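Visitor: Below is one structure. I have some questions about it.
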Amino acid sequence: MTTTRAAATDLDPIPYPFNEAAGLGLSDLYEQIRNTPGMLRVTLPYGEPAWLATRYADARFVLGDKRFSRAMAEVKDAPRQWPVIRPGGILAMDPPDHTRLRTLVTKAFTVRRVEQLRPRVIDLAESLIDGLIEKGPPADLVEEYALPIPVAVICELLGVPAEDRPQFRVWSDNALSTTALTPEEMAQNQEDLRAYMGKLINEHRAAPQDDLMTALIEARDVGDRLTELEMVDLCVGILIAGHETTATQIPNFLWMLLDNPDQLKKLQAEPELIPNAVEELLRFTPLGVGASFPRYATEDVHVGEVLVKAGEPVLVSVGSANRDALKFTDPGVLDVTRENIQHLGFGHGVHHCLGAQLARMELQEALRVLLARLPGLHLAGDITWKTQMIVRGPRTMPIAW
């Protein structure tokens with residue numbers, strides 16, 4: 001496909017997303033589009049057409065400029081890959097409501113709080129590897145290692161009992177599915193999860209604990225800074241966002257390293273590079289099939305050479321922006337020694353990922369223990385890929401060592 005445009009407003013939108021769901025490839029179309037002036041008009045399976053930001057400068061601008069609204073998507077026919085518009089909670093809010101909720105949660109994810117959790121994550125990773133070694137290869141990296149680590153951490157933060165975590169996994173998968181559920185099933189899944197979270201909140205009210213949920217209850221009941229529904233949806237959002245991406249990126253990162261064996265060997269020889277490697281892998285790995293959440297212009301705004309008119313949506317391709325040659329030298333090369341990696345893997349602006357520090361720490365320790373304890377780590381069969389989810393990654397990943 002050849003794409004040429006001056007302002008692109010007179011061109012018919014082209015179908016989006018471009019990436020294949022199975023695998024972690026970045027479509028060649030992105031590079032072609034980045035090298036063409038302006039932005040492209042695209043159309044998703046559902047919703048109105050949108051502008052697509054593919055360059056780093058444009059992506060960072062849209063994510064960070066207060067004239068772009070997430071909340072407006074709730075009242076628009078938002079461009080999306082699924083038939084229903086999902087309630088977005090804090091992700092769908094603008095300041096000042098967004099600021100009010102974010103301020104309450106930020107204290108749970110400070111650098112100091114995250115560092116206090118690091119020994120727990122190391123112990124958990126070590127015990128999981130002990131189990132793999134005792135059982136012997138092959139093993140499923142996803143079910144037996146990548147998923148249990150972030151699920152345990154976020155459930156402990158919110159006080160979710162261990163026996164309830166399998167059911168929570170089903171609800172979470174359903175919430176992030178793009179096509180597996182009907183609109184009615186999606187609504188029922190949401191209500192079931194809300195009902196469970198409401199019950200858990202009431203249990204914490206009756207017996208307060210030293211966890212994030214109790215702190216949010218105090219903010220709701222004492223400070224009156226949260227409505228009951230806001231608190232329920234905030235806890236649901238933290239549970240889902242707090243484990244799914246990290247659990248997906250652990251096998252994704254291993255897949256990328258196995259595909260770049262020189263970088264894998266370098267990390268095994270120099271484990272002190274792992275924190276930097278995590279940043280490079282966050283830059284290099286295009287997690288989504290496409291851009292997920294539109295930003296709506298609240299007034300006419302110039303994005304580079306394009307005038308985005310008030311009420312028009314812009315989709316930001318983080319995966320493409322993180323491969324922009326105007327920002328990164330040799331962007332298509334995985335280099336775990338790369339310096340000053342200012343990627344957009346955790347977003348930018350007011351919606352920058354709340355749990356970025358926690359995710360970084362979990363990814364660092366999961367990768368460190370995995371590479372240190374399992375010499376000769378390699379695939380032991382075919383990967384089964386998630387194909388009906390917002391994020392891309394292995395659903396099962398057989399490994400041996």
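Chain labels follow the order of the structure tokens: the first chain is A, the next B, and so on; residue numbering restarts at 1 in every chain, and ligands are counted from 1 in their shown order.
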Would you tabulate, counting only C-alpha atoms, all residues of stretch 207-298 of chain A that have an atom at most 9 Å from an atom of stretch 75-96 of chain A, showing the closest pair of atoms and their distance in Å to one decimal, sorted by chain then ascending number, as a Markdown table?
Guide:
| residue | atom | partner | partner_atom | distance |
| --- | --- | --- | --- | --- |
| A:Glu230 | CA | A:Gly89 | CA | 7.4 |
| A:Asp233 | CA | A:Gly89 | CA | 6.0 |
| A:Leu234 | CA | A:Gly89 | CA | 6.5 |
| A:Val236 | CA | A:Gly89 | CA | 8.9 |
| A:Gly237 | CA | A:Gly89 | CA | 7.0 |
| A:Gly290 | CA | A:Gln81 | CA | 9.0 |
| A:Ala291 | CA | A:Arg80 | CA | 9.0 |
| A:Ser292 | CA | A:Arg80 | CA | 7.0 |
| A:Phe293 | CA | A:Arg80 | CA | 7.7 |
| A:Pro294 | CA | A:Pro79 | CA | 6.9 |
Visitor: Write out as an MDAnalysis selection string the residues lying within 8 Å of stretch 353-360 of chain A, counting only C-alpha atoms and excluding same-chain residues fewer than 6 positions away.
Guide: chainID A and resid 102 105:106 109:111 114 242 246 275 278 346:347
Visitor: For the residues in the current selection, export C-alpha atoms as a PDB file, in the first residue's frame.
Guide:
ATOM      1  CA  ARG A 102      -5.199   9.865  40.710  1.00  0.00           C
ATOM      2  CA  VAL A 105      -3.875   6.243  44.375  1.00  0.00           C
ATOM      3  CA  THR A 106      -0.452   7.729  43.624  1.00  0.00           C
ATOM      4  CA  PHE A 109       2.892   3.423  43.921  1.00  0.00           C
ATOM      5  CA  THR A 110       5.703   5.690  45.102  1.00  0.00           C
ATOM      6  CA  VAL A 111       9.303   4.618  44.489  1.00  0.00           C
ATOM      7  CA  VAL A 114       7.638  -0.143  45.327  1.00  0.00           C
ATOM      8  CA  GLY A 242      -2.072  -3.926  37.675  1.00  0.00           C
ATOM      9  CA  THR A 246       3.085  -6.984  33.249  1.00  0.00           C
ATOM     10  CA  PRO A 275      17.070  -2.353  34.451  1.00  0.00           C
ATOM     11  CA  VAL A 278      13.658  -3.449  30.582  1.00  0.00           C
ATOM     12  CA  PHE A 346       3.891   3.914  29.936  1.00  0.00           C
ATOM     13  CA  GLY A 347       2.206   6.786  28.119  1.00  0.00           C
TER      14      GLY A 347
END
Visitor: Can you tell me which residues surround stretch 159-162 of chain A at a distance of at most 8 Å, considering only C-alpha atoms, apart from same-chain residues fewer than 2 positions away, and format the answer as number ranges by chain?
Guide: A: 152, 155-157, 164-165, 200, 209, 211-213
Visitor: Please produce an output containing C-alpha atoms for each residue in the selection, written as an mmCIF file, in the first residue's frame.
Guide:
data_model
loop_
_atom_site.group_PDB
_atom_site.id
_atom_site.type_symbol
_atom_site.label_atom_id
_atom_site.label_comp_id
_atom_site.auth_asym_id
_atom_site.auth_seq_id
_atom_site.Cartn_x
_atom_site.Cartn_y
_atom_site.Cartn_z
ATOM 1 C CA ALA A 152 -0.038 -11.926 43.652
ATOM 2 C CA CYS A 155 -4.088 -8.767 44.834
ATOM 3 C CA GLU A 156 -2.058 -8.352 48.015
ATOM 4 C CA LEU A 157 -2.100 -4.574 47.572
ATOM 5 C CA ASP A 164 -10.577 -15.723 44.690
ATOM 6 C CA ARG A 165 -7.750 -15.048 42.234
ATOM 7 C CA LEU A 200 -14.678 -6.969 49.211
ATOM 8 C CA GLN A 209 -6.267 -3.888 56.761
ATOM 9 C CA ASP A 211 -3.549 -2.165 52.195
ATOM 10 C CA LEU A 212 -4.527 0.163 49.390
ATOM 11 C CA MET A 213 -8.226 -0.698 49.515
#
Visitor: Would you mind telling me which residue in A:Gln32, A:Thr298, A:Thr99, A:Gln190 lies nearest to A:Ser69 when using only C-alpha atoms?
Guide: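 Of all the options, A:Thr298 lies closest to A:Ser69.
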Visitor: By how many Å are atom CA of A:Leu52 and atom CA of A:Asn340 apart?
Guide: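 These atoms are spaced 26.2 Å apart.
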Visitor: Which of stretch 40-247 of chain A counts as helix (DSSP H, G or I) under DSSP, as a PyMOL selection string please?
Guide: chain A and resi 56-64+71-75+89-92+97-109+111-135+141-146+148-158+162-176+183-206+212-221+228-241+244-247
Visitor: Looking at A:Asp12, A:Pro261, A:Pro183, A:Ile250, which one is nearest to A:Ala50, with distances taken over only C-alpha atoms?
Guide: A:Asp12
Visitor: For A:Leu282, which of A:Leu258, A:Ala219, A:Leu363, A:Val142 is the closest residue, counting only C-alpha atoms?
Guide: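 Looking at the shortest contact to A:Leu282, the residue is A:Leu363.
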Visitor: Can you pull out every residue within 12 Å of A:Pro398, counting only C-alpha atoms, but drop anything in the same chain fewer than 4 positions away, and send it as a ChimeraX atom specification?
Guide: /A:132,137-145,251,254-255,377-385,394
Visitor: Take the residues from that selection and write them out as a compact mmCIF listing (two decimals), in the first residue's frame, keeping N, CA and C atoms.
Guide:
# COMPACT_ATOMS: atom_id res chain seq x y z
N LEU A 132 9.44 -24.91 39.09
CA LEU A 132 9.69 -25.35 37.71
C LEU A 132 10.84 -26.35 37.66
N PRO A 137 11.46 -29.62 32.98
CA PRO A 137 10.89 -29.09 31.73
C PRO A 137 10.07 -30.16 31.01
N PRO A 138 9.15 -29.73 30.13
CA PRO A 138 8.86 -28.33 29.77
C PRO A 138 7.90 -27.69 30.78
N ALA A 139 7.77 -26.38 30.69
CA ALA A 139 6.85 -25.63 31.53
C ALA A 139 6.19 -24.54 30.71
N ASP A 140 5.04 -24.09 31.15
CA ASP A 140 4.36 -22.97 30.50
C ASP A 140 4.77 -21.69 31.22
N LEU A 141 5.55 -20.87 30.57
CA LEU A 141 6.06 -19.66 31.19
C LEU A 141 4.94 -18.75 31.66
N VAL A 142 3.83 -18.70 30.93
CA VAL A 142 2.75 -17.78 31.26
C VAL A 142 2.06 -18.21 32.56
N GLU A 143 1.49 -19.41 32.57
CA GLU A 143 0.70 -19.87 33.72
C GLU A 143 1.55 -20.14 34.95
N GLU A 144 2.78 -20.61 34.73
CA GLU A 144 3.58 -21.07 35.86
C GLU A 144 4.59 -20.05 36.35
N TYR A 145 4.69 -18.89 35.68
CA TYR A 145 5.67 -17.89 36.12
C TYR A 145 5.20 -16.46 35.89
N PRO A 251 6.60 -12.74 29.16
CA PRO A 251 6.88 -13.63 28.02
C PRO A 251 7.22 -12.87 26.75
N LEU A 254 10.91 -12.15 26.88
CA LEU A 254 11.71 -13.34 26.61
C LEU A 254 11.67 -13.69 25.13
N TRP A 255 10.50 -13.57 24.52
CA TRP A 255 10.37 -13.84 23.08
C TRP A 255 11.30 -12.93 22.28
N LEU A 377 17.93 -21.51 28.49
CA LEU A 377 16.49 -21.29 28.32
C LEU A 377 16.13 -21.20 26.84
N HIS A 378 15.09 -21.97 26.44
CA HIS A 378 14.68 -21.95 25.03
C HIS A 378 13.22 -22.39 24.92
N LEU A 379 12.64 -22.11 23.76
CA LEU A 379 11.27 -22.56 23.50
C LEU A 379 11.23 -24.08 23.38
N ALA A 380 10.12 -24.66 23.86
CA ALA A 380 9.98 -26.12 23.82
C ALA A 380 8.73 -26.52 23.06
N GLY A 381 8.26 -25.66 22.18
CA GLY A 381 7.05 -25.95 21.41
C GLY A 381 6.49 -24.66 20.84
N ASP A 382 5.31 -24.76 20.27
CA ASP A 382 4.69 -23.60 19.64
C ASP A 382 3.99 -22.71 20.67
N ILE A 383 4.10 -21.42 20.45
CA ILE A 383 3.41 -20.45 21.28
C ILE A 383 1.96 -20.33 20.82
N THR A 384 1.04 -20.26 21.78
CA THR A 384 -0.35 -19.90 21.48
C THR A 384 -0.52 -18.43 21.82
N TRP A 385 -0.94 -17.63 20.84
CA TRP A 385 -1.01 -16.18 21.02
C TRP A 385 -2.42 -15.72 21.39
N PRO A 394 1.84 -14.01 24.36
CA PRO A 394 1.53 -15.44 24.42
C PRO A 394 0.45 -15.75 25.45
Visitor: Could you tell me how far atom CA of A:Lys327 sits from atom CA of A:Arg283, in Å to one decimal place?
Guide: 11.5 Å
Visitor: Got a sec to tell me which of stretch 196-374 of chain A DSSP assigns to strand (DSSP E), as a VMD selection string?
Guide: chain A and resid 295 to 297 301 to 303 306 to 308 313 to 316
Visitor: Pick from A:Pro17, A:Pro150, A:Phe168, A:Ile133: nearest to A:Leu29, with only C-alpha atoms counted?
Guide: A:Pro17
Visitor: Looking at A:Arg373, A:Lys386, A:Arg34, A:Lys265, which one is nearest to A:Arg323, with distances taken over only C-alpha atoms?
Guide: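 Ranking A:Arg373, A:Lys386, A:Arg34, A:Lys265 by distance to A:Arg323, first place goes to A:Arg34.
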Visitor: Looking at only C-alpha atoms, which of A:Leu26, A:Leu307, A:Leu371, A:Ala146 is the one that sits closest to A:Gly332?
Guide: A:Leu26
Visitor: What is the atom CA of A:Lys309 to atom CA of A:Ala71 distance in Å?
Guide: 16.8 Å
Visitor: Write out as number ranges by chain the residues lying within 9 Å of A:Met256, counting only C-alpha atoms and excluding same-chain residues fewer than 5 positions away.
Guide: A: 24, 251, 261, 264, 281, 284-285, 334
Visitor: Please identify all polymer residues within 6 Å of A:Ala310, counting only C-alpha atoms, omitting same-chain residues fewer than 3 positions from it, and present them as a PyMOL selection string.
Guide: chain A and resi 297-300
Visitor: Could those selected residues go to a file with all heavy atoms, as a PDB file, in the first residue's frame?
Guide:
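Contents of out01.pdb, as written:
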ATOM      1  N   ALA A 297     -10.006  16.314  20.433  1.00  0.00           N
ATOM      2  CA  ALA A 297      -9.635  17.725  20.510  1.00  0.00           C
ATOM      3  C   ALA A 297     -10.821  18.523  21.049  1.00  0.00           C
ATOM      4  O   ALA A 297     -11.933  18.424  20.536  1.00  0.00           O
ATOM      5  CB  ALA A 297      -9.230  18.241  19.137  1.00  0.00           C
ATOM      6  N   THR A 298     -10.575  19.311  22.089  1.00  0.00           N
ATOM      7  CA  THR A 298     -11.638  20.153  22.657  1.00  0.00           C
ATOM      8  C   THR A 298     -11.715  21.504  21.952  1.00  0.00           C
ATOM      9  O   THR A 298     -12.658  22.263  22.161  1.00  0.00           O
ATOM     10  CB  THR A 298     -11.406  20.376  24.160  1.00  0.00           C
ATOM     11  OG1 THR A 298     -10.111  20.966  24.349  1.00  0.00           O
ATOM     12  CG2 THR A 298     -11.466  19.049  24.913  1.00  0.00           C
ATOM     13  N   GLU A 299     -10.710  21.796  21.142  1.00  0.00           N
ATOM     14  CA  GLU A 299     -10.704  22.991  20.283  1.00  0.00           C
ATOM     15  C   GLU A 299      -9.810  22.675  19.100  1.00  0.00           C
ATOM     16  O   GLU A 299      -9.163  21.625  19.062  1.00  0.00           O
ATOM     17  CB  GLU A 299     -10.160  24.204  21.056  1.00  0.00           C
ATOM     18  CG  GLU A 299      -8.742  24.016  21.583  1.00  0.00           C
ATOM     19  CD  GLU A 299      -8.269  25.189  22.413  1.00  0.00           C
ATOM     20  OE1 GLU A 299      -8.660  25.291  23.593  1.00  0.00           O
ATOM     21  OE2 GLU A 299      -7.491  26.013  21.865  1.00  0.00           O
ATOM     22  N   ASP A 300      -9.774  23.532  18.108  1.00  0.00           N
ATOM     23  CA  ASP A 300      -8.887  23.305  16.974  1.00  0.00           C
ATOM     24  C   ASP A 300      -7.434  23.297  17.455  1.00  0.00           C
ATOM     25  O   ASP A 300      -6.994  24.224  18.150  1.00  0.00           O
ATOM     26  CB  ASP A 300      -9.055  24.401  15.918  1.00  0.00           C
ATOM     27  CG  ASP A 300     -10.407  24.325  15.208  1.00  0.00           C
ATOM     28  OD1 ASP A 300     -11.185  23.391  15.512  1.00  0.00           O
ATOM     29  OD2 ASP A 300     -10.682  25.186  14.349  1.00  0.00           O
TER      30      ASP A 300
END
